[in-house]
Amino acid sequence: MTAPKAEQHSRLVTRSRAAVRFALDELRTWSLVRKAKQRTADVIEQLKGIRAANPGRPLCGILLIEHIGDIIACEPVIAQVRASHPNALLLWGVKPAYASLVRSHPGLDAVVCVDSLLGVERIVQSHVFDIIVDLHVNSKATEVAGRFYRKRAGDRTVDVANYVGVGSLLQSFSKAAGIEPRSEQPAMYLPKDVVAAVDRHSLPEHFVVVHAHSNYSPKDWPPEKWRDLVRFILEHYETSVIEIGLESKIELDHARFIRLCGKLSITETAELIRRADFFIGIDSGPAHMANASRRPALLLFGRYAGSDTFNPFEGHFRDAEATVIFRYAGPLREQRVRTVIQALEASPMWNEALGKHRRSGASTIPPISQ
């Protein structure tokens, strides 16, 4: 075979292999999408049963399956939809992992578990709901690689690329659902057994809660900087510090540093934060819990989705934004510990909550280089 013919043959083989890989990937994606939607068939039958058992009442579905902060931020939608449809049977569709966030809400008639965005697509297509409030923004990534959420109800122009510019989470998600965006303080309704569950941890009388790790790494602050901040608090104030989250990120050995990472349910975490003297964290679900319980706080924000001004909150943390949100015009990981300590010590909320617990003779700023 001559050189030109060999080169042509090689290119043909390469293109053929690429075409086969593409076809296999498409087949695999189609199969995964089909299975995800098939899993939703039982949910649709469940909804049909609820509808049949309640003749004369329109079936209304609020759909927002994740995440903790998003669901808490959008809690006011329940009262808004109820006011618009007082006779409706009002349900919230949510992933099982987050169902406890809305299960005890007095404004809902039921909670239905949906395990994927592709499942949401199938439910919307089924027309089982008379009224749909789909709070998801368009084009979100689904659990199938390369497959994005195809919004069919509400405003499709609000998507993952622009929702930060629309307003808070409540405002942008409301606009995505096609309902009037409002500014409302969110609330959390916790089951009665949560208080006893948190009591079993024998908490100290006074404590600060810190949350150092989000589900999106650009929002995080380095663990070593958290360690230095927590060490400063423990050395300068007569208080304990409790770290929460799925896993501990702060390496520190101190008698008043308590790790409850991975030991609390979602609702137990919310109850712990409700009891805290102060909350320090990043833009995450626990920060929304602190907002819902109106706790004094300092939140560390960096640039997010190209914005240095995004505020995901309504209510307490919006009204007190200048005091609560400490911003860095760039990646949060670059924020210095010394600067954060200065902001904490200057916070009127911090001084009101912890000022009386400051150790006498403690220096204002420690010798920290970061």
# chains A, B, ... in the order shown; residues from 1 in each chain; ligands from 1

$ residues_around --residues "A:Arg182" --least-positions-apart "3" --cutoff "12 Å" --atoms "only C-alpha atoms" --output "PDB file with N, CA and C atoms, in the first residue's frame"
ATOM      1  N   ALA A  73     -34.474  28.410  50.615  1.00  0.00           N
ATOM      2  CA  ALA A  73     -34.681  29.753  50.071  1.00  0.00           C
ATOM      3  C   ALA A  73     -36.048  29.906  49.424  1.00  0.00           C
ATOM      4  N   CYS A  74     -36.556  28.817  48.845  1.00  0.00           N
ATOM      5  CA  CYS A  74     -37.830  28.876  48.124  1.00  0.00           C
ATOM      6  C   CYS A  74     -39.028  28.489  48.982  1.00  0.00           C
ATOM      7  N   GLU A  75     -38.828  28.305  50.272  1.00  0.00           N
ATOM      8  CA  GLU A  75     -39.950  27.961  51.163  1.00  0.00           C
ATOM      9  C   GLU A  75     -41.119  28.947  51.064  1.00  0.00           C
ATOM     10  N   PRO A  76     -40.880  30.266  50.931  1.00  0.00           N
ATOM     11  CA  PRO A  76     -42.014  31.194  50.845  1.00  0.00           C
ATOM     12  C   PRO A  76     -42.953  30.943  49.668  1.00  0.00           C
ATOM     13  N   VAL A  77     -42.492  30.189  48.675  1.00  0.00           N
ATOM     14  CA  VAL A  77     -43.367  29.890  47.531  1.00  0.00           C
ATOM     15  C   VAL A  77     -44.609  29.124  47.984  1.00  0.00           C
ATOM     16  N   ALA A  79     -46.562  29.459  50.666  1.00  0.00           N
ATOM     17  CA  ALA A  79     -47.648  30.379  51.048  1.00  0.00           C
ATOM     18  C   ALA A  79     -48.164  31.154  49.843  1.00  0.00           C
ATOM     19  N   GLN A  80     -47.263  31.511  48.940  1.00  0.00           N
ATOM     20  CA  GLN A  80     -47.667  32.261  47.749  1.00  0.00           C
ATOM     21  C   GLN A  80     -48.599  31.431  46.868  1.00  0.00           C
ATOM     22  N   VAL A  81     -48.246  30.169  46.644  1.00  0.00           N
ATOM     23  CA  VAL A  81     -49.080  29.306  45.809  1.00  0.00           C
ATOM     24  C   VAL A  81     -50.390  28.979  46.515  1.00  0.00           C
ATOM     25  N   GLY A 167     -31.483  37.770  40.456  1.00  0.00           N
ATOM     26  CA  GLY A 167     -31.739  38.175  41.833  1.00  0.00           C
ATOM     27  C   GLY A 167     -31.382  37.054  42.784  1.00  0.00           C
ATOM     28  N   SER A 168     -31.999  37.052  43.964  1.00  0.00           N
ATOM     29  CA  SER A 168     -31.786  35.989  44.945  1.00  0.00           C
ATOM     30  C   SER A 168     -32.270  34.664  44.383  1.00  0.00           C
ATOM     31  N   LEU A 169     -32.000  33.581  45.102  1.00  0.00           N
ATOM     32  CA  LEU A 169     -32.502  32.277  44.670  1.00  0.00           C
ATOM     33  C   LEU A 169     -34.026  32.285  44.601  1.00  0.00           C
ATOM     34  N   LEU A 170     -34.674  32.857  45.593  1.00  0.00           N
ATOM     35  CA  LEU A 170     -36.137  32.909  45.584  1.00  0.00           C
ATOM     36  C   LEU A 170     -36.642  33.677  44.375  1.00  0.00           C
ATOM     37  N   GLN A 171     -36.027  34.786  44.067  1.00  0.00           N
ATOM     38  CA  GLN A 171     -36.491  35.594  42.942  1.00  0.00           C
ATOM     39  C   GLN A 171     -36.200  34.930  41.598  1.00  0.00           C
ATOM     40  N   SER A 172     -34.994  34.406  41.432  1.00  0.00           N
ATOM     41  CA  SER A 172     -34.651  33.810  40.134  1.00  0.00           C
ATOM     42  C   SER A 172     -35.429  32.517  39.896  1.00  0.00           C
ATOM     43  N   PHE A 173     -35.598  31.696  40.928  1.00  0.00           N
ATOM     44  CA  PHE A 173     -36.339  30.444  40.755  1.00  0.00           C
ATOM     45  C   PHE A 173     -37.832  30.702  40.581  1.00  0.00           C
ATOM     46  N   SER A 174     -38.351  31.731  41.248  1.00  0.00           N
ATOM     47  CA  SER A 174     -39.758  32.091  41.048  1.00  0.00           C
ATOM     48  C   SER A 174     -39.991  32.538  39.614  1.00  0.00           C
ATOM     49  N   LYS A 175     -39.088  33.372  39.101  1.00  0.00           N
ATOM     50  CA  LYS A 175     -39.213  33.809  37.709  1.00  0.00           C
ATOM     51  C   LYS A 175     -39.133  32.606  36.774  1.00  0.00           C
ATOM     52  N   ILE A 179     -43.906  32.525  38.182  1.00  0.00           N
ATOM     53  CA  ILE A 179     -44.710  33.180  39.209  1.00  0.00           C
ATOM     54  C   ILE A 179     -44.030  34.479  39.617  1.00  0.00           C
ATOM     55  N   GLN A 185     -38.952  36.343  53.890  1.00  0.00           N
ATOM     56  CA  GLN A 185     -38.104  35.607  54.820  1.00  0.00           C
ATOM     57  C   GLN A 185     -38.493  34.128  54.798  1.00  0.00           C
ATOM     58  N   PRO A 186     -37.538  33.219  54.559  1.00  0.00           N
ATOM     59  CA  PRO A 186     -37.863  31.790  54.613  1.00  0.00           C
ATOM     60  C   PRO A 186     -37.976  31.294  56.045  1.00  0.00           C
ATOM     61  N   PHE A 313     -29.816  35.216  49.317  1.00  0.00           N
ATOM     62  CA  PHE A 313     -30.788  35.213  50.405  1.00  0.00           C
ATOM     63  C   PHE A 313     -31.873  36.265  50.242  1.00  0.00           C
ATOM     64  N   GLU A 314     -32.996  36.010  50.919  1.00  0.00           N
ATOM     65  CA  GLU A 314     -34.015  37.017  51.206  1.00  0.00           C
ATOM     66  C   GLU A 314     -34.181  37.061  52.719  1.00  0.00           C
ATOM     67  N   GLY A 315     -34.838  38.090  53.215  1.00  0.00           N
ATOM     68  CA  GLY A 315     -35.103  38.163  54.639  1.00  0.00           C
ATOM     69  C   GLY A 315     -33.907  38.658  55.436  1.00  0.00           C
TER      70      GLY A 315
END

$ residues_around --residues "stretch 144-158 of chain A" --least-positions-apart "6" --cutoff "8 Å" --atoms "only C-alpha atoms" --output "PyMOL selection string"
chain A and resi 29+32-33+117-118+121+124-125+132-134+136-138+172+175-179

$ residues_around --residues "A:Val208" --least-positions-apart "6" --cutoff "12 Å" --atoms "only C-alpha atoms" --output "number ranges by chain"
A: 229-230, 233-234, 237-244, 256-259, 272-281, 290, 295-298, 350, 353-354, 357

$ write_last_selection --atoms "N, CA and C atoms" --output "mmCIF file, in the first residue's frame"
data_model
loop_
_atom_site.group_PDB
_atom_site.id
_atom_site.type_symbol
_atom_site.label_atom_id
_atom_site.label_comp_id
_atom_site.auth_asym_id
_atom_site.auth_seq_id
_atom_site.Cartn_x
_atom_site.Cartn_y
_atom_site.Cartn_z
ATOM 1 N N LEU A 229 -8.502 30.515 61.847
ATOM 2 C CA LEU A 229 -9.621 31.323 62.326
ATOM 3 C C LEU A 229 -10.230 30.712 63.591
ATOM 4 N N VAL A 230 -10.461 29.409 63.554
ATOM 5 C CA VAL A 230 -11.043 28.733 64.720
ATOM 6 C C VAL A 230 -10.092 28.810 65.906
ATOM 7 N N ILE A 233 -10.456 32.157 67.580
ATOM 8 C CA ILE A 233 -11.680 32.264 68.385
ATOM 9 C C ILE A 233 -11.504 31.555 69.726
ATOM 10 N N LEU A 234 -10.953 30.357 69.685
ATOM 11 C CA LEU A 234 -10.816 29.573 70.912
ATOM 12 C C LEU A 234 -9.802 30.191 71.878
ATOM 13 N N TYR A 237 -11.655 33.821 73.053
ATOM 14 C CA TYR A 237 -13.023 33.881 73.576
ATOM 15 C C TYR A 237 -13.331 32.623 74.381
ATOM 16 N N GLU A 238 -14.085 32.801 75.459
ATOM 17 C CA GLU A 238 -14.534 31.674 76.269
ATOM 18 C C GLU A 238 -15.802 31.097 75.641
ATOM 19 N N THR A 239 -15.616 30.347 74.614
ATOM 20 C CA THR A 239 -16.721 29.707 73.903
ATOM 21 C C THR A 239 -16.201 28.433 73.251
ATOM 22 N N SER A 240 -17.107 27.584 72.836
ATOM 23 C CA SER A 240 -16.736 26.400 72.067
ATOM 24 C C SER A 240 -17.022 26.657 70.590
ATOM 25 N N VAL A 241 -16.386 25.885 69.736
ATOM 26 C CA VAL A 241 -16.633 25.944 68.296
ATOM 27 C C VAL A 241 -17.019 24.553 67.834
ATOM 28 N N ILE A 242 -18.134 24.464 67.124
ATOM 29 C CA ILE A 242 -18.620 23.184 66.614
ATOM 30 C C ILE A 242 -18.578 23.207 65.095
ATOM 31 N N GLU A 243 -17.867 22.257 64.513
ATOM 32 C CA GLU A 243 -17.821 22.136 63.054
ATOM 33 C C GLU A 243 -18.916 21.179 62.592
ATOM 34 N N ILE A 244 -19.656 21.582 61.568
ATOM 35 C CA ILE A 244 -20.705 20.751 60.987
ATOM 36 C C ILE A 244 -20.397 20.503 59.514
ATOM 37 N N ARG A 256 -12.100 22.610 73.318
ATOM 38 C CA ARG A 256 -13.378 23.273 73.031
ATOM 39 C C ARG A 256 -13.719 23.287 71.538
ATOM 40 N N PHE A 257 -13.003 22.486 70.771
ATOM 41 C CA PHE A 257 -13.346 22.318 69.353
ATOM 42 C C PHE A 257 -14.040 20.976 69.188
ATOM 43 N N ILE A 258 -15.274 20.992 68.729
ATOM 44 C CA ILE A 258 -16.118 19.802 68.646
ATOM 45 C C ILE A 258 -16.479 19.533 67.192
ATOM 46 N N ARG A 259 -16.245 18.317 66.755
ATOM 47 C CA ARG A 259 -16.629 17.933 65.400
ATOM 48 C C ARG A 259 -17.911 17.104 65.441
ATOM 49 N N LEU A 272 -29.308 22.558 65.549
ATOM 50 C CA LEU A 272 -28.047 22.964 66.166
ATOM 51 C C LEU A 272 -27.738 24.424 65.837
ATOM 52 N N ILE A 273 -27.887 24.788 64.574
ATOM 53 C CA ILE A 273 -27.616 26.167 64.162
ATOM 54 C C ILE A 273 -28.570 27.128 64.862
ATOM 55 N N ARG A 274 -29.814 26.730 65.039
ATOM 56 C CA ARG A 274 -30.801 27.579 65.721
ATOM 57 C C ARG A 274 -30.358 27.899 67.146
ATOM 58 N N ARG A 275 -29.622 26.994 67.777
ATOM 59 C CA ARG A 275 -29.176 27.186 69.159
ATOM 60 C C ARG A 275 -27.853 27.938 69.269
ATOM 61 N N ALA A 276 -27.152 28.115 68.173
ATOM 62 C CA ALA A 276 -25.805 28.683 68.215
ATOM 63 C C ALA A 276 -25.829 30.163 68.592
ATOM 64 N N ASP A 277 -24.749 30.605 69.273
ATOM 65 C CA ASP A 277 -24.582 32.033 69.527
ATOM 66 C C ASP A 277 -24.243 32.770 68.240
ATOM 67 N N PHE A 278 -23.553 32.060 67.323
ATOM 68 C CA PHE A 278 -23.092 32.715 66.096
ATOM 69 C C PHE A 278 -22.803 31.629 65.062
ATOM 70 N N PHE A 279 -22.935 31.993 63.786
ATOM 71 C CA PHE A 279 -22.657 31.065 62.688
ATOM 72 C C PHE A 279 -21.626 31.695 61.770
ATOM 73 N N ILE A 280 -20.606 30.906 61.398
ATOM 74 C CA ILE A 280 -19.611 31.349 60.419
ATOM 75 C C ILE A 280 -19.534 30.288 59.328
ATOM 76 N N GLY A 281 -19.666 30.698 58.084
ATOM 77 C CA GLY A 281 -19.637 29.715 57.009
ATOM 78 C C GLY A 281 -19.460 30.347 55.650
ATOM 79 N N ALA A 290 -29.150 29.073 58.804
ATOM 80 C CA ALA A 290 -28.891 30.191 59.709
ATOM 81 C C ALA A 290 -29.765 31.386 59.361
ATOM 82 N N ARG A 295 -30.081 33.782 62.643
ATOM 83 C CA ARG A 295 -28.920 33.783 63.528
ATOM 84 C C ARG A 295 -27.941 34.894 63.151
ATOM 85 N N PRO A 296 -27.231 35.444 64.133
ATOM 86 C CA PRO A 296 -26.124 36.354 63.814
ATOM 87 C C PRO A 296 -25.028 35.561 63.111
ATOM 88 N N ALA A 297 -24.413 36.158 62.108
ATOM 89 C CA ALA A 297 -23.507 35.359 61.277
ATOM 90 C C ALA A 297 -22.481 36.222 60.569
ATOM 91 N N LEU A 298 -21.425 35.547 60.114
ATOM 92 C CA LEU A 298 -20.486 36.102 59.150
ATOM 93 C C LEU A 298 -20.299 35.050 58.068
ATOM 94 N N TRP A 350 -21.238 40.034 65.987
ATOM 95 C CA TRP A 350 -20.271 39.244 66.734
ATOM 96 C C TRP A 350 -20.055 39.839 68.128
ATOM 97 N N ALA A 353 -23.009 39.163 70.359
ATOM 98 C CA ALA A 353 -23.144 37.751 70.733
ATOM 99 C C ALA A 353 -21.982 37.241 71.571
ATOM 100 N N LEU A 354 -20.737 37.651 71.254
ATOM 101 C CA LEU A 354 -19.548 37.073 71.886
ATOM 102 C C LEU A 354 -18.700 38.068 72.648
ATOM 103 N N HIS A 357 -17.831 37.390 76.143
ATOM 104 C CA HIS A 357 -17.070 36.162 76.364
ATOM 105 C C HIS A 357 -15.597 36.312 75.982
#

$ atom_distance --atom1 "atom CA of A:Glu224" --atom2 "atom CA of A:Gly285"
21.8 Å

$ residues_around --residues "A:Ile50" --least-positions-apart "6" --cutoff "12 Å" --atoms "only C-alpha atoms" --output "NGL selection string"
:A and (43-44 or 56-61 or 89-91 or 109-112 or 128-129)

$ write_last_selection --atoms "C-alpha atoms" --output "short mmCIF file (atom, residue, chain, number, x, y, z; two decimals), in the first residue's frame"
data_model
loop_
_atom_site.label_atom_id
_atom_site.label_comp_id
_atom_site.auth_asym_id
_atom_site.auth_seq_id
_atom_site.Cartn_x
_atom_site.Cartn_y
_atom_site.Cartn_z
CA VAL A 43 -44.42 8.29 41.20
CA ILE A 44 -46.89 9.24 38.49
CA GLY A 56 -62.85 18.37 43.08
CA ARG A 57 -59.48 19.62 44.29
CA PRO A 58 -56.90 20.67 41.67
CA LEU A 59 -53.57 18.90 42.08
CA CYS A 60 -50.72 21.43 42.39
CA GLY A 61 -47.07 20.44 42.31
CA LEU A 89 -54.03 19.84 46.96
CA LEU A 90 -50.51 21.19 47.33
CA LEU A 91 -47.52 18.84 46.97
CA ASP A 109 -50.68 18.46 51.87
CA ALA A 110 -48.03 15.93 50.87
CA VAL A 111 -44.41 15.42 49.82
CA VAL A 112 -43.59 13.23 46.81
CA VAL A 128 -50.82 14.60 36.09
CA PHE A 129 -50.71 18.00 37.79
#

$ atom_distance --atom1 "atom CA of A:Gly262" --atom2 "atom CA of A:Glu143"
24.0 Å

$ select_by_dssp --residues "stretch 110-224 of chain A" --states "helix (DSSP H, G or I)" --output "PyMOL selection string"
chain A and resi 117-126+163-165+169-177+193-199+217-219+223-224

$ select_by_dssp --residues "stretch 247-325 of chain A" --states "strand (DSSP E or B)" --output "ChimeraX atom specification"
/A:257-259,278-282,297-301,304,307,325

$ write_last_selection --atoms "C-alpha atoms" --output "PDB file, in the first residue's frame"
ATOM      1  CA  PHE A 257     -13.346  22.318  69.353  1.00  0.00           C
ATOM      2  CA  ILE A 258     -16.118  19.802  68.646  1.00  0.00           C
ATOM      3  CA  ARG A 259     -16.629  17.933  65.400  1.00  0.00           C
ATOM      4  CA  PHE A 278     -23.092  32.715  66.096  1.00  0.00           C
ATOM      5  CA  PHE A 279     -22.657  31.065  62.688  1.00  0.00           C
ATOM      6  CA  ILE A 280     -19.611  31.349  60.419  1.00  0.00           C
ATOM      7  CA  GLY A 281     -19.637  29.715  57.009  1.00  0.00           C
ATOM      8  CA  ILE A 282     -19.574  29.945  53.257  1.00  0.00           C
ATOM      9  CA  ALA A 297     -23.507  35.359  61.277  1.00  0.00           C
ATOM     10  CA  LEU A 298     -20.486  36.102  59.150  1.00  0.00           C
ATOM     11  CA  LEU A 299     -20.492  34.513  55.697  1.00  0.00           C
ATOM     12  CA  LEU A 300     -17.376  34.372  53.507  1.00  0.00           C
ATOM     13  CA  PHE A 301     -18.180  35.011  49.857  1.00  0.00           C
ATOM     14  CA  TYR A 304     -19.395  33.293  42.031  1.00  0.00           C
ATOM     15  CA  SER A 307     -20.455  37.991  40.099  1.00  0.00           C
ATOM     16  CA  ILE A 325     -21.721  38.888  53.999  1.00  0.00           C
TER      17      ILE A 325
END

$ atom_distance --atom1 "atom CA of A:Ile250" --atom2 "atom CA of A:Arg227"
5.4 Å
